[in-house]
Amino acid sequence: MSTEPEQPDRPVYTASAVAARLGVAVETLRTWDRRYGLGPGMRGPGGRRRYGEDDLARLLVMRRLVASGMPTSEAARRAVGGGGGVPPVGVPTRSRPRSGGGRVVAVPRGSTLQHGLARAATALDVDEVERLLEQVIAEVGVARVWDGLLRPVLVAVGERWARTGEGVEVEHLLSQSAMDVFRRVADDAARRQPPPEAGRPVLLASVDGDAHVLPLYLLAALLAEDGLRVRLLGASTPLPAMHEAVRRLRPGAIFLWAQLAGPMNHEFASAVSEFRGCAHLVVGGPGWTETALPDGTRQVMGVDEAVAALLPV
């Protein structure tokens, strides 16, 4: 990216200042610069590269899109191109379908498996939905079934709902079926692991009052596939229940998911931070975007980053 000369009437920011504003690591900014060209476009004192207001605006778009579940490469493409719209809460992100309506869920440029999953979900055929998901997981694993099959169909269902006002029951059935399948994958992986001797589990939960937890089940399956002991508390975890789980399990790490934004997220995370002991505290989801986090808390910007943060435990 070419850089503009310093202009005194336009503010410039250091990488550390931008990282603090976005709530990401400086290394994440460097990666986005190196891979996607989302780097500083101005020159500050001494000729050093600095971020300008336009750069910061693009990075804010990038952060919101990644937090909403969009793959990093697609989020970068939209941020650079200016297409930064964020989807409705709970609906993963993808390009808006150009056709389709009525009772048909259109998956533009979709594969045979995607169309098959969409048909089964539209018919409310739980058995077929779960059979397809389990078949593909057995062949290519959890991560690829999410990116290559489930996410595109969920997006299509969400777009149909936004366009016609129909299909909420389809989204609920598809999400619940996926959670059931991911839970079984995690349980099967746990049964194949040798009995733990000293390793402490990873505790996954959502903040109290938040019921959008499909990403938690996906994360549990991915971590279990990688050999971690996982304890999943699920949706809308009351703080006293969280406290008791931490006391009894003594987890090595705690991951809190928040889909919805609000002041209660800060209160919940602060309380957990006080009784977490030596557990690492990691948070993820779009609900943390404008939330001040307790000291020592790590915020991640997607499922891949969450796995990378929790695996060392």
# chains A, B, ... in the order shown; residues from 1 in each chain; ligands from 1

call {"tool": "residues_around", "arguments": {"residues": "A:Val307", "least_positions_apart": "4", "cutoff": "9 Å", "atoms": "only C-alpha atoms", "output": "MDAnalysis selection string"}}
result
chainID A and resid 219 222:223 302:303 311

call {"tool": "residues_around", "arguments": {"residues": "A:His280", "least_positions_apart": "2", "cutoff": "10 Å", "atoms": "only C-alpha atoms", "output": "JSON, numbers by chain"}}
result
{"A": [202, 251, 252, 253, 254, 255, 273, 276, 277, 278, 282, 296, 297, 298, 309, 310, 313]}

call {"tool": "closest_residue", "arguments": {"among": "A:Trp146, A:Trp161, A:Arg21, A:Gly234", "to": "A:Ala292", "atoms": "only C-alpha atoms"}}
result
A:Arg21

call {"tool": "residues_around", "arguments": {"residues": "A:Val126", "least_positions_apart": "5", "cutoff": "10 Å", "atoms": "only C-alpha atoms", "output": "list of chain:residue names"}}
result
A:Ala120, A:Ala121, A:Arg131, A:Leu173, A:Leu174, A:Gln176, A:Ser177, A:Ala178

call {"tool": "select_by_dssp", "arguments": {"residues": "stretch 16-206 of chain A", "states": "strand (DSSP E)", "output": "list in words"}}
result
Met42, Arg43, Arg49, Arg50, Val202, Leu203, Leu204, Ala205 and Ser206 of chain A

call {"tool": "closest_residue", "arguments": {"among": "A:Asp180, A:Asp33, A:Glu171, A:Glu159", "to": "A:Glu130", "atoms": "only C-alpha atoms"}}
result
A:Asp180

call {"tool": "closest_residue", "arguments": {"among": "A:Leu132, A:Ala19, A:Met242, A:Ala25", "to": "A:Glu274", "atoms": "only C-alpha atoms"}}
result
A:Met242

call {"tool": "residues_around", "arguments": {"residues": "A:Arg160", "least_positions_apart": "3", "cutoff": "8 Å", "atoms": "only C-alpha atoms", "output": "PyMOL selection string"}}
result
chain A and resi 100-101+105-106+156-157+163-167

call {"tool": "write_last_selection", "arguments": {"atoms": "N, CA, C and O atoms", "output": "compact mmCIF listing (two decimals), in the first residue's frame"}}
result
# COMPACT_ATOMS: atom_id res chain seq x y z
N GLY A 100 -34.07 -16.13 -5.53
CA GLY A 100 -34.66 -17.09 -4.60
C GLY A 100 -35.69 -16.43 -3.73
O GLY A 100 -35.59 -15.28 -3.37
N GLY A 101 -36.69 -17.17 -3.30
CA GLY A 101 -37.71 -16.62 -2.43
C GLY A 101 -38.74 -17.66 -2.15
O GLY A 101 -38.55 -18.85 -2.40
N VAL A 105 -34.97 -22.07 -0.23
CA VAL A 105 -33.79 -21.42 0.28
C VAL A 105 -32.73 -21.45 -0.82
O VAL A 105 -32.22 -22.51 -1.18
N ALA A 106 -32.42 -20.29 -1.37
CA ALA A 106 -31.45 -20.20 -2.45
C ALA A 106 -30.04 -20.12 -1.88
O ALA A 106 -29.78 -19.33 -0.98
N ALA A 156 -27.90 -18.34 3.82
CA ALA A 156 -29.02 -18.32 2.88
C ALA A 156 -30.36 -18.28 3.60
O ALA A 156 -31.28 -17.56 3.20
N VAL A 157 -30.47 -19.05 4.69
CA VAL A 157 -31.71 -19.04 5.48
C VAL A 157 -31.93 -17.65 6.08
O VAL A 157 -33.05 -17.12 6.08
N ARG A 163 -35.51 -11.15 3.66
CA ARG A 163 -36.20 -10.74 2.45
C ARG A 163 -37.70 -10.97 2.53
O ARG A 163 -38.49 -10.17 2.02
N THR A 164 -38.12 -12.07 3.15
CA THR A 164 -39.54 -12.46 3.11
C THR A 164 -40.21 -12.48 4.48
O THR A 164 -41.44 -12.57 4.55
N GLY A 165 -39.43 -12.46 5.56
CA GLY A 165 -40.01 -12.60 6.89
C GLY A 165 -40.35 -14.03 7.24
O GLY A 165 -40.94 -14.30 8.29
N GLU A 166 -39.95 -14.99 6.40
CA GLU A 166 -40.24 -16.41 6.64
C GLU A 166 -38.95 -17.17 6.90
O GLU A 166 -37.86 -16.74 6.48
N GLY A 167 -39.10 -18.31 7.59
CA GLY A 167 -37.97 -19.22 7.72
C GLY A 167 -37.29 -19.23 9.07
O GLY A 167 -36.25 -19.88 9.21

call {"tool": "residues_around", "arguments": {"residues": "A:Leu218", "least_positions_apart": "5", "cutoff": "12 Å", "atoms": "only C-alpha atoms", "output": "ChimeraX atom specification"}}
result
/A:69,137,141-147,150-151,175-186,204,213,223-225,230,232,234,257,302-304,306-307

call {"tool": "select_by_dssp", "arguments": {"residues": "stretch 113-289 of chain A", "states": "alpha helix (DSSP H)", "output": "VMD selection string"}}
result
chain A and resid 113 to 122 126 to 140 142 to 145 151 to 164 168 to 192 214 to 225 239 to 249 263 to 275

call {"tool": "closest_residue", "arguments": {"among": "A:Arg50, A:Arg43, A:Arg250, A:Arg191", "to": "A:Ser16", "atoms": "only C-alpha atoms"}}
result
A:Arg50

call {"tool": "residues_around", "arguments": {"residues": "A:Asp54", "least_positions_apart": "2", "cutoff": "12 Å", "atoms": "only C-alpha atoms", "output": "MDAnalysis selection string"}}
result
chainID A and resid 4 10:13 38:42 50:52 56:61 79:80 82

call {"tool": "closest_residue", "arguments": {"among": "A:Glu27, A:Arg49, A:Val272, A:Ala221", "to": "A:Thr14", "atoms": "only C-alpha atoms"}}
result
A:Arg49

call {"tool": "closest_residue", "arguments": {"among": "A:Leu214, A:Leu203, A:Leu117, A:Val18", "to": "A:Glu244", "atoms": "only C-alpha atoms"}}
result
A:Leu203

call {"tool": "atom_distance", "arguments": {"atom1": "atom CA of A:Thr122", "atom2": "atom CA of A:Ala162"}}
result
15.7 Å

call {"tool": "decode", "arguments": {"residues": "stretch 48-62 of chain A", "atoms": "N, CA, C and O atoms", "output": "PDB file, in the first residue's frame"}}
result
ATOM      1  N   ARG A  48       7.824   7.685   9.551  1.00  0.00           N
ATOM      2  CA  ARG A  48       7.326   6.361   9.912  1.00  0.00           C
ATOM      3  C   ARG A  48       5.879   6.197   9.462  1.00  0.00           C
ATOM      4  O   ARG A  48       5.099   7.141   9.485  1.00  0.00           O
ATOM      5  N   ARG A  49       5.558   4.971   9.087  1.00  0.00           N
ATOM      6  CA  ARG A  49       4.192   4.686   8.649  1.00  0.00           C
ATOM      7  C   ARG A  49       3.221   4.811   9.819  1.00  0.00           C
ATOM      8  O   ARG A  49       3.482   4.319  10.909  1.00  0.00           O
ATOM      9  N   ARG A  50       2.113   5.479   9.553  1.00  0.00           N
ATOM     10  CA  ARG A  50       1.099   5.671  10.586  1.00  0.00           C
ATOM     11  C   ARG A  50      -0.282   5.451   9.966  1.00  0.00           C
ATOM     12  O   ARG A  50      -0.487   5.619   8.770  1.00  0.00           O
ATOM     13  N   TYR A  51      -1.227   5.080  10.825  1.00  0.00           N
ATOM     14  CA  TYR A  51      -2.600   4.862  10.394  1.00  0.00           C
ATOM     15  C   TYR A  51      -3.351   6.188  10.398  1.00  0.00           C
ATOM     16  O   TYR A  51      -3.273   6.954  11.364  1.00  0.00           O
ATOM     17  N   GLY A  52      -4.097   6.429   9.312  1.00  0.00           N
ATOM     18  CA  GLY A  52      -4.959   7.587   9.252  1.00  0.00           C
ATOM     19  C   GLY A  52      -6.401   7.225   9.544  1.00  0.00           C
ATOM     20  O   GLY A  52      -6.730   6.065   9.830  1.00  0.00           O
ATOM     21  N   GLU A  53      -7.286   8.207   9.471  1.00  0.00           N
ATOM     22  CA  GLU A  53      -8.705   7.971   9.751  1.00  0.00           C
ATOM     23  C   GLU A  53      -9.305   6.959   8.780  1.00  0.00           C
ATOM     24  O   GLU A  53     -10.111   6.100   9.182  1.00  0.00           O
ATOM     25  N   ASP A  54      -8.935   7.028   7.508  1.00  0.00           N
ATOM     26  CA  ASP A  54      -9.456   6.070   6.531  1.00  0.00           C
ATOM     27  C   ASP A  54      -8.979   4.660   6.843  1.00  0.00           C
ATOM     28  O   ASP A  54      -9.733   3.684   6.725  1.00  0.00           O
ATOM     29  N   ASP A  55      -7.701   4.544   7.224  1.00  0.00           N
ATOM     30  CA  ASP A  55      -7.170   3.233   7.591  1.00  0.00           C
ATOM     31  C   ASP A  55      -7.931   2.673   8.794  1.00  0.00           C
ATOM     32  O   ASP A  55      -8.300   1.490   8.830  1.00  0.00           O
ATOM     33  N   LEU A  56      -8.151   3.523   9.786  1.00  0.00           N
ATOM     34  CA  LEU A  56      -8.855   3.085  10.983  1.00  0.00           C
ATOM     35  C   LEU A  56     -10.280   2.669  10.666  1.00  0.00           C
ATOM     36  O   LEU A  56     -10.779   1.657  11.189  1.00  0.00           O
ATOM     37  N   ALA A  57     -10.950   3.406   9.787  1.00  0.00           N
ATOM     38  CA  ALA A  57     -12.326   3.053   9.411  1.00  0.00           C
ATOM     39  C   ALA A  57     -12.368   1.675   8.760  1.00  0.00           C
ATOM     40  O   ALA A  57     -13.260   0.866   9.044  1.00  0.00           O
ATOM     41  N   ARG A  58     -11.404   1.397   7.856  1.00  0.00           N
ATOM     42  CA  ARG A  58     -11.365   0.077   7.212  1.00  0.00           C
ATOM     43  C   ARG A  58     -11.122  -1.024   8.236  1.00  0.00           C
ATOM     44  O   ARG A  58     -11.732  -2.094   8.176  1.00  0.00           O
ATOM     45  N   LEU A  59     -10.242  -0.759   9.193  1.00  0.00           N
ATOM     46  CA  LEU A  59      -9.936  -1.782  10.194  1.00  0.00           C
ATOM     47  C   LEU A  59     -11.109  -2.016  11.137  1.00  0.00           C
ATOM     48  O   LEU A  59     -11.323  -3.140  11.599  1.00  0.00           O
ATOM     49  N   LEU A  60     -11.872  -0.975  11.433  1.00  0.00           N
ATOM     50  CA  LEU A  60     -13.073  -1.164  12.250  1.00  0.00           C
ATOM     51  C   LEU A  60     -14.082  -2.053  11.534  1.00  0.00           C
ATOM     52  O   LEU A  60     -14.729  -2.913  12.139  1.00  0.00           O
ATOM     53  N   VAL A  61     -14.222  -1.857  10.222  1.00  0.00           N
ATOM     54  CA  VAL A  61     -15.090  -2.732   9.418  1.00  0.00           C
ATOM     55  C   VAL A  61     -14.568  -4.156   9.466  1.00  0.00           C
ATOM     56  O   VAL A  61     -15.318  -5.113   9.680  1.00  0.00           O
ATOM     57  N   MET A  62     -13.269  -4.310   9.262  1.00  0.00           N
ATOM     58  CA  MET A  62     -12.650  -5.635   9.282  1.00  0.00           C
ATOM     59  C   MET A  62     -12.925  -6.336  10.609  1.00  0.00           C
ATOM     60  O   MET A  62     -13.325  -7.506  10.648  1.00  0.00           O
TER      61      MET A  62
END
